[in-house]
file model-v9.txt (compact mmCIF, C-alpha atoms)
# COMPACT_ATOMS: atom_id res chain seq x y z
CA MET A 1 -12.52 -11.03 -4.50
CA HIS A 2 -12.83 -8.23 -7.07
CA ILE A 3 -9.97 -8.64 -9.56
CA ALA A 4 -8.18 -5.45 -10.62
CA ASP A 5 -7.13 -4.63 -14.18
CA GLY A 6 -3.67 -5.74 -15.28
CA ILE A 7 -3.79 -9.20 -13.71
CA LEU A 8 -5.96 -11.28 -16.05
CA SER A 9 -5.03 -11.67 -19.71
CA VAL A 10 -7.24 -10.03 -22.33
CA PRO A 11 -8.42 -13.41 -23.74
CA THR A 12 -9.41 -14.56 -20.23
CA CYS A 13 -11.40 -11.36 -19.71
CA ALA A 14 -12.97 -11.66 -23.16
CA VAL A 15 -14.12 -15.28 -22.72
CA THR A 16 -15.50 -14.80 -19.18
CA GLY A 17 -17.08 -11.50 -20.29
CA ALA A 18 -18.78 -13.18 -23.26
CA ILE A 19 -20.17 -15.99 -21.08
CA SER A 20 -21.39 -13.41 -18.54
CA ALA A 21 -23.11 -11.39 -21.28
CA GLY A 22 -24.86 -14.54 -22.53
CA VAL A 23 -26.08 -15.55 -19.07
CA LEU A 24 -27.26 -12.00 -18.29
CA ALA A 25 -29.15 -11.79 -21.60
CA TYR A 26 -30.96 -15.02 -20.67
CA SER A 27 -31.58 -13.73 -17.11
CA ILE A 28 -33.20 -10.60 -18.54
CA LYS A 29 -35.39 -12.76 -20.78
CA LYS A 30 -36.42 -14.84 -17.76
CA SER A 31 -37.15 -11.68 -15.75
CA LYS A 32 -39.29 -10.21 -18.52
CA ALA A 33 -41.39 -13.38 -18.40
CA ASN A 34 -41.58 -13.82 -14.61
CA LEU A 35 -40.61 -10.72 -12.63
CA GLU A 36 -43.65 -8.76 -11.49
CA GLU A 37 -43.39 -4.98 -11.55
CA LYS A 38 -44.59 -4.75 -7.94
CA GLN A 39 -41.43 -6.62 -6.89
CA VAL A 40 -39.16 -3.91 -8.31
CA PRO A 41 -38.96 -1.79 -5.09
CA PHE A 42 -37.84 -4.91 -3.21
CA LEU A 43 -35.25 -5.57 -5.93
CA GLY A 44 -33.93 -2.02 -5.54
CA VAL A 45 -33.59 -2.08 -1.75
CA THR A 46 -32.08 -5.59 -1.81
CA ALA A 47 -29.40 -4.40 -4.27
CA ALA A 48 -28.79 -1.33 -2.07
CA PHE A 49 -28.41 -3.62 0.96
CA ILE A 50 -25.92 -5.88 -0.90
CA PHE A 51 -23.87 -2.81 -1.89
CA ALA A 52 -23.77 -1.65 1.74
CA ALA A 53 -22.99 -5.12 3.13
CA GLN A 54 -20.09 -5.54 0.67
CA MET A 55 -18.45 -2.47 2.24
CA ILE A 56 -18.21 -4.23 5.60
CA ASN A 57 -14.93 -6.13 5.64
CA PHE A 58 -14.59 -8.44 8.62
CA PRO A 59 -11.23 -9.74 9.86
CA VAL A 60 -10.57 -13.35 8.85
CA LEU A 61 -7.01 -14.30 9.69
CA PRO A 62 -4.26 -11.90 10.82
CA GLY A 63 -3.70 -9.44 7.96
CA THR A 64 -6.66 -10.64 5.89
CA SER A 65 -10.29 -9.61 5.68
CA GLY A 66 -13.36 -10.71 3.81
CA HIS A 67 -16.79 -9.34 3.09
CA LEU A 68 -20.18 -10.67 2.10
CA ILE A 69 -20.69 -11.40 -1.61
CA GLY A 70 -24.44 -11.80 -1.26
CA ALA A 71 -25.12 -13.57 -4.57
CA VAL A 72 -26.46 -16.70 -2.86
CA LEU A 73 -28.46 -14.64 -0.35
CA THR A 74 -30.08 -12.78 -3.26
CA ALA A 75 -30.60 -16.01 -5.24
CA ILE A 76 -32.37 -17.73 -2.33
CA VAL A 77 -34.74 -14.77 -1.93
CA LEU A 78 -35.30 -13.75 -5.57
CA GLY A 79 -34.10 -16.72 -7.65
CA PRO A 80 -30.78 -17.06 -9.49
CA TRP A 81 -31.87 -15.13 -12.61
CA ALA A 82 -32.78 -11.91 -10.80
CA ALA A 83 -29.79 -12.43 -8.48
CA SER A 84 -27.32 -12.55 -11.37
CA ILE A 85 -28.72 -9.26 -12.71
CA ILE A 86 -28.61 -7.56 -9.30
CA MET A 87 -25.05 -8.77 -8.62
CA ALA A 88 -23.84 -7.73 -12.10
CA THR A 89 -25.33 -4.27 -11.50
CA VAL A 90 -23.69 -3.92 -8.07
CA LEU A 91 -20.31 -5.05 -9.51
CA SER A 92 -20.63 -2.57 -12.40
CA ILE A 93 -21.40 0.30 -9.99
CA GLN A 94 -18.42 -0.70 -7.81
CA ALA A 95 -16.07 -0.73 -10.81
CA LEU A 96 -17.36 2.40 -12.56
CA PHE A 97 -17.96 4.69 -9.58
CA PHE A 98 -15.67 3.35 -6.85
CA GLY A 99 -12.72 1.85 -8.72
CA ASP A 100 -13.33 -1.52 -7.01
CA GLY A 101 -12.49 -4.25 -9.53
CA GLY A 102 -11.14 -3.56 -13.01
CA ILE A 103 -12.99 -2.30 -16.08
CA ILE A 104 -11.49 -4.82 -18.50
CA ALA A 105 -11.79 -7.43 -15.72
CA LEU A 106 -15.46 -6.53 -15.08
CA GLY A 107 -16.70 -9.42 -17.23
CA ALA A 108 -14.52 -11.85 -15.25
CA ASN A 109 -15.70 -10.40 -11.93
CA ILE A 110 -19.33 -10.70 -13.07
CA PHE A 111 -18.63 -14.28 -14.19
CA ASN A 112 -17.16 -15.19 -10.77
CA LEU A 113 -19.31 -13.20 -8.35
CA ALA A 114 -22.65 -12.88 -10.18
CA VAL A 115 -22.85 -16.03 -12.33
CA ILE A 116 -20.75 -18.78 -10.68
CA SER A 117 -21.58 -17.70 -7.11
CA ALA A 118 -25.33 -17.30 -7.63
CA PHE A 119 -25.91 -20.43 -9.74
CA CYS A 120 -23.58 -22.85 -7.89
CA GLY A 121 -24.92 -21.71 -4.52
CA TYR A 122 -28.54 -21.79 -5.65
CA PHE A 123 -28.13 -25.26 -7.13
CA VAL A 124 -26.93 -26.63 -3.78
CA TYR A 125 -29.66 -24.74 -1.91
CA SER A 126 -32.41 -26.12 -4.16
CA LYS A 127 -31.10 -29.69 -3.77
CA LEU A 128 -30.80 -29.56 0.04
CA LYS A 129 -33.58 -27.25 1.20
CA ASN A 130 -36.13 -30.01 1.61
CA HIS A 131 -33.81 -31.94 3.93
CA ASN A 132 -32.78 -29.07 6.19
CA GLU A 133 -33.38 -25.41 5.32
CA LYS A 134 -30.64 -23.93 7.56
CA THR A 135 -27.97 -26.42 6.46
CA ALA A 136 -28.95 -25.76 2.84
CA VAL A 137 -28.57 -21.97 3.30
CA ALA A 138 -25.23 -22.28 5.11
CA LEU A 139 -23.66 -24.74 2.63
CA ALA A 140 -24.95 -22.79 -0.37
CA ALA A 141 -23.57 -19.49 0.99
CA TRP A 142 -20.20 -21.10 1.77
CA LEU A 143 -20.01 -22.59 -1.73
CA GLY A 144 -21.00 -19.17 -3.09
CA VAL A 145 -17.59 -17.94 -1.90
CA VAL A 146 -15.50 -21.07 -2.54
CA ALA A 147 -16.75 -21.71 -6.12
CA PRO A 148 -15.87 -18.20 -7.41
CA SER A 149 -12.48 -18.47 -5.68
CA ILE A 150 -11.81 -21.62 -7.75
CA ALA A 151 -12.94 -19.78 -10.89
CA ALA A 152 -10.68 -16.81 -10.06
CA SER A 153 -7.73 -19.18 -9.50
CA ILE A 154 -8.28 -20.83 -12.89
CA GLU A 155 -8.48 -17.39 -14.57
CA ILE A 156 -5.23 -16.28 -12.89
CA ALA A 157 -3.54 -19.53 -13.98
CA LEU A 158 -4.87 -19.21 -17.55
CA SER A 159 -3.48 -15.68 -17.62
CA GLY A 160 -0.02 -17.12 -17.00
CA ILE A 161 0.53 -15.45 -13.61
CA LEU A 162 1.13 -18.60 -11.57
CA PRO A 163 0.56 -22.33 -12.11
CA LEU A 164 -2.83 -23.55 -10.87
CA ALA A 165 -1.12 -25.85 -8.35
CA GLN A 166 0.28 -22.76 -6.62
CA ILE A 167 -2.58 -20.29 -6.92
CA LEU A 168 -5.55 -22.59 -6.24
CA PRO A 169 -4.62 -23.76 -2.71
CA ALA A 170 -3.73 -20.21 -1.64
CA VAL A 171 -6.83 -18.43 -3.01
CA THR A 172 -9.35 -21.18 -2.31
CA GLY A 173 -7.84 -21.97 1.10
CA ILE A 174 -8.43 -18.45 2.42
CA HIS A 175 -11.90 -18.30 0.84
CA MET A 176 -12.90 -21.54 2.60
CA VAL A 177 -12.47 -19.48 5.79
CA ILE A 178 -14.13 -16.30 4.41
CA GLY A 179 -17.05 -18.51 3.30
CA ILE A 180 -17.87 -19.22 6.96
CA GLY A 181 -18.54 -15.47 7.41
CA GLU A 182 -20.74 -15.54 4.29
CA ALA A 183 -22.70 -18.50 5.73
CA VAL A 184 -23.18 -16.79 9.12
CA ILE A 185 -24.37 -13.45 7.63
CA THR A 186 -26.61 -15.22 5.09
CA LEU A 187 -28.23 -17.29 7.85
CA MET A 188 -28.76 -14.09 9.87
CA VAL A 189 -30.56 -12.09 7.17
CA VAL A 190 -32.18 -14.55 4.73
CA GLY A 191 -35.31 -15.00 6.86
CA TYR A 192 -35.68 -11.25 7.31
CA LEU A 193 -35.36 -10.56 3.56
CA LYS A 194 -37.91 -13.29 2.74
CA LYS A 195 -40.34 -11.73 5.23
CA VAL A 196 -39.92 -8.21 3.76
CA LYS A 197 -40.48 -9.62 0.25
CA LYS A 198 -43.61 -11.53 1.28
CA GLU A 199 -45.18 -8.59 3.11
CA ALA A 200 -44.38 -6.17 0.28
CA ALA A 201 -46.13 -8.46 -2.21
CA PHE A 202 -49.41 -8.19 -0.29
CA ASP A 203 -49.20 -4.45 0.20
CA VAL A 204 -49.77 -3.03 -3.28
CA MET B 1 -43.27 3.21 -3.64
CA PHE B 2 -41.74 3.14 -0.13
CA LYS B 3 -45.11 3.33 1.59
CA ASN B 4 -44.56 -0.32 2.42
CA LYS B 5 -43.06 -0.35 5.92
CA GLY B 6 -40.86 -3.40 5.37
CA ILE B 7 -39.31 -2.02 2.17
CA PHE B 8 -38.68 1.33 3.87
CA ALA B 9 -37.08 -0.39 6.89
CA LEU B 10 -34.79 -2.43 4.63
CA LEU B 11 -33.72 0.76 2.86
CA LEU B 12 -32.95 2.38 6.22
CA LEU B 13 -30.94 -0.71 7.20
CA ALA B 14 -28.95 -0.51 3.93
CA LEU B 15 -28.27 3.21 4.53
CA ALA B 16 -27.26 2.53 8.15
CA VAL B 17 -24.87 -0.27 7.17
CA GLY B 18 -23.40 1.71 4.24
CA THR B 19 -23.08 4.97 6.16
CA LEU B 20 -22.68 4.27 9.88
CA LEU B 21 -21.03 0.84 9.88
CA SER B 22 -18.75 1.18 6.82
CA PRO B 23 -16.16 3.49 8.50
CA PHE B 24 -15.52 0.74 11.05
CA ALA B 25 -14.94 -2.07 8.54
CA ALA B 26 -11.64 -3.99 8.68
CA SER B 27 -9.00 -2.30 6.52
CA SER B 28 -6.70 -5.28 5.94
CA PRO B 29 -6.55 -6.62 2.36
CA ASP B 30 -9.20 -9.12 1.28
CA GLY B 31 -8.40 -12.78 0.61
CA LEU B 32 -7.42 -12.38 -3.05
CA GLU B 33 -5.40 -9.18 -2.43
CA LYS B 34 -3.51 -10.90 0.38
CA VAL B 35 -2.58 -13.81 -1.89
CA ALA B 36 -1.57 -11.33 -4.63
CA GLU B 37 0.71 -9.59 -2.11
CA ASP B 38 2.20 -12.84 -0.79
CA LYS B 39 2.78 -14.29 -4.26
CA GLY B 40 4.09 -10.98 -5.60
CA PHE B 41 1.60 -10.28 -8.40
CA ILE B 42 -0.17 -7.33 -6.75
CA GLU B 43 2.27 -5.04 -8.65
CA LEU B 44 0.56 -6.07 -11.90
CA ALA B 45 -2.66 -4.33 -10.79
CA LYS B 46 -3.30 -1.21 -12.86
CA THR B 47 -5.79 1.61 -12.67
CA LEU B 48 -7.04 2.08 -16.23
CA PHE B 49 -9.90 4.30 -15.27
CA TYR B 50 -10.26 7.01 -12.66
CA ALA B 51 -13.45 6.38 -10.74
CA PRO B 52 -15.28 9.41 -9.29
CA ILE B 53 -15.24 8.03 -5.71
CA PRO B 54 -12.02 5.97 -5.61
CA ASP B 55 -11.56 3.44 -2.79
CA TYR B 56 -14.93 4.30 -1.23
CA LEU B 57 -13.66 7.72 -0.09
CA MET B 58 -15.63 10.80 -1.08
CA PRO B 59 -13.09 13.12 -2.74
CA GLY B 60 -12.38 16.46 -1.09
CA ILE B 61 -13.20 15.23 2.43
CA GLN B 62 -10.14 15.11 4.69
CA ASN B 63 -11.77 13.16 7.52
CA GLN B 64 -11.56 9.45 6.55
CA THR B 65 -14.57 8.41 8.62
CA LEU B 66 -16.77 11.05 7.02
CA ALA B 67 -15.36 10.38 3.52
CA THR B 68 -16.18 6.66 3.85
CA ALA B 69 -19.65 7.33 5.29
CA LEU B 70 -20.50 9.74 2.44
CA ALA B 71 -19.20 7.29 -0.17
CA GLY B 72 -21.36 4.56 1.37
CA PHE B 73 -24.41 6.82 1.43
CA ALA B 74 -23.88 7.77 -2.22
CA GLY B 75 -23.32 4.14 -3.24
CA VAL B 76 -26.46 2.85 -1.53
CA LEU B 77 -28.66 5.53 -3.14
CA LEU B 78 -27.00 5.12 -6.55
CA THR B 79 -27.53 1.33 -6.44
CA LEU B 80 -31.16 1.80 -5.39
CA ILE B 81 -31.91 4.26 -8.20
CA ILE B 82 -30.15 2.23 -10.91
CA VAL B 83 -31.82 -1.07 -9.91
CA LEU B 84 -35.26 0.59 -9.65
CA GLY B 85 -34.81 1.91 -13.20
CA LEU B 86 -33.43 -1.39 -14.49
CA GLY B 87 -36.20 -3.31 -12.70
CA LYS B 88 -38.87 -1.31 -14.55
CA LEU B 89 -37.21 -2.23 -17.85
CA ILE B 90 -36.84 -5.95 -17.19
CA SER B 91 -40.09 -6.72 -15.35
CA LYS B 92 -43.19 -8.31 -16.80
CA LYS B 93 -45.54 -5.91 -18.54
CA ASP B 94 -49.17 -6.58 -17.57
call {"tool": "encode", "arguments": {"input": "model-v9.txt", "output": "structure tokens"}}
result
Amino acid sequence: MHIADGILSVPTCAVTGAISAGVLAYSIKKSKANLEEKQVPFLGVTAAFIFAAQMINFPVLPGTSGHLIGAVLTAIVLGPWAASIIMATVLSIQALFFGDGGIIALGANIFNLAVISAFCGYFVYSKLKNHNEKTAVALAAWLGVVAPSIAASIEIALSGILPLAQILPAVTGIHMVIGIGEAVITLMVVGYLKKVKKEAAFDV
Amino acid sequence: MFKNKGIFALLLLALAVGTLLSPFAASSPDGLEKVAEDKGFIELAKTLFYAPIPDYLMPGIQNQTLATALAGFAGVLLTLIIVLGLGKLISKKD
């Protein structure tokens, strides 16, 4: 769902970029107060894993693919603050080194895939986890794809490309399907990542 | 730092996914690209900046499988190094 340059208007990129910068500044403040230095190796390998997993496009419908975002997976394991920083870093590396997602649109992509995805998904997870952990993970991961697709649709509409009534059903419709893949992969690896994190914390 | 077995195993998994699995990923456009094609606004997309490893293909390598694998390998290590450095800066100082 990485948006290329040339599609979003400059004001849309500027506003989403400014909000992203504000959230990231607060996330860094939170990390400086809470993130223990011995967790940093786990942070590094988790980010590396998210980068790798994002390369794996899976077929969704004929002629369309999707890949893991991983913001909700990271947020469940490390909390939404650290997750937003990790996702913003992965998105920046993808844009700067691999030409995946625009440079001017980077702030919008961070807003959608690091901020909206991580915080919306984590909110749902935190509300539902005490009822049923697996359902909470699956719904949160699914929403972590659908919510940024709504945000991307609004940004495309605000940029004057297409009216929201046309772009929203198309973009969000396909991401409601891609979100199932996100839920399946997240369910598969979330327990493993939690276990690695827990064991690493004892072994310092 | 990677003396911890679990951390080391997760790094190996990331390298395996990024290097060995990535050449076999689906090549069809992703959800947003597909909509942009169908609705005719994909032509608006512009490259404003020439990335060193464009489209996850290591430049100068003719073989697509190898070019993708090397790009994945480079990306996984680059992400690891940058987040380790960033993590040091933003973690709690005891």
call {"tool": "axis_aligned_box", "arguments": {"input": "model-v9.txt", "around": "stretch 31-45 of chain B", "padding_each_side": "4 Å", "output": "JSON"}}
result
{"center_x": -2.2, "center_y": -9.3, "center_z": -5.6, "size_x": 20.5, "size_y": 18.0, "size_z": 20.5}
call {"tool": "residues_around", "arguments": {"input": "model-v9.txt", "residues": "B:Ala9", "least_positions_apart": "2", "cutoff": "12 Å", "atoms": "only C-alpha atoms", "output": "VMD selection string"}}
result
(chain A and resid 42 45 to 46 49 192 to 193 195 to 197 200) or (chain B and resid 2 to 7 11 to 16)
call {"tool": "write_last_selection", "arguments": {"input": "model-v9.txt", "atoms": "C-alpha atoms", "output": "compact mmCIF listing (two decimals), in the frame of the given file"}}
result
# COMPACT_ATOMS: atom_id res chain seq x y z
CA PHE A 42 -37.84 -4.91 -3.21
CA VAL A 45 -33.59 -2.08 -1.75
CA THR A 46 -32.08 -5.59 -1.81
CA PHE A 49 -28.41 -3.62 0.96
CA TYR A 192 -35.68 -11.25 7.31
CA LEU A 193 -35.36 -10.56 3.56
CA LYS A 195 -40.34 -11.73 5.23
CA VAL A 196 -39.92 -8.21 3.76
CA LYS A 197 -40.48 -9.62 0.25
CA ALA A 200 -44.38 -6.17 0.28
CA PHE B 2 -41.74 3.14 -0.13
CA LYS B 3 -45.11 3.33 1.59
CA ASN B 4 -44.56 -0.32 2.42
CA LYS B 5 -43.06 -0.35 5.92
CA GLY B 6 -40.86 -3.40 5.37
CA ILE B 7 -39.31 -2.02 2.17
CA LEU B 11 -33.72 0.76 2.86
CA LEU B 12 -32.95 2.38 6.22
CA LEU B 13 -30.94 -0.71 7.20
CA ALA B 14 -28.95 -0.51 3.93
CA LEU B 15 -28.27 3.21 4.53
CA ALA B 16 -27.26 2.53 8.15
call {"tool": "atom_distance", "arguments": {"input": "model-v9.txt", "atom1": "atom CA of B:Asp55", "atom2": "atom CA of A:Ser9"}}
result
23.6 Å
call {"tool": "closest_residue", "arguments": {"input": "model-v9.txt", "among": "A:Gly44, A:Gly22, A:Gly17, A:Pro11", "to": "chain B", "atoms": "all atoms listed in the file"}}
result
A:Gly44
call {"tool": "residues_around", "arguments": {"input": "model-v9.txt", "residues": "stretch 18-20 of chain A", "least_positions_apart": "2", "cutoff": "8 Å", "atoms": "only C-alpha atoms", "output": "MDAnalysis selection string"}}
result
chainID A and resid 14:16 22:24 107:108 110:111 115
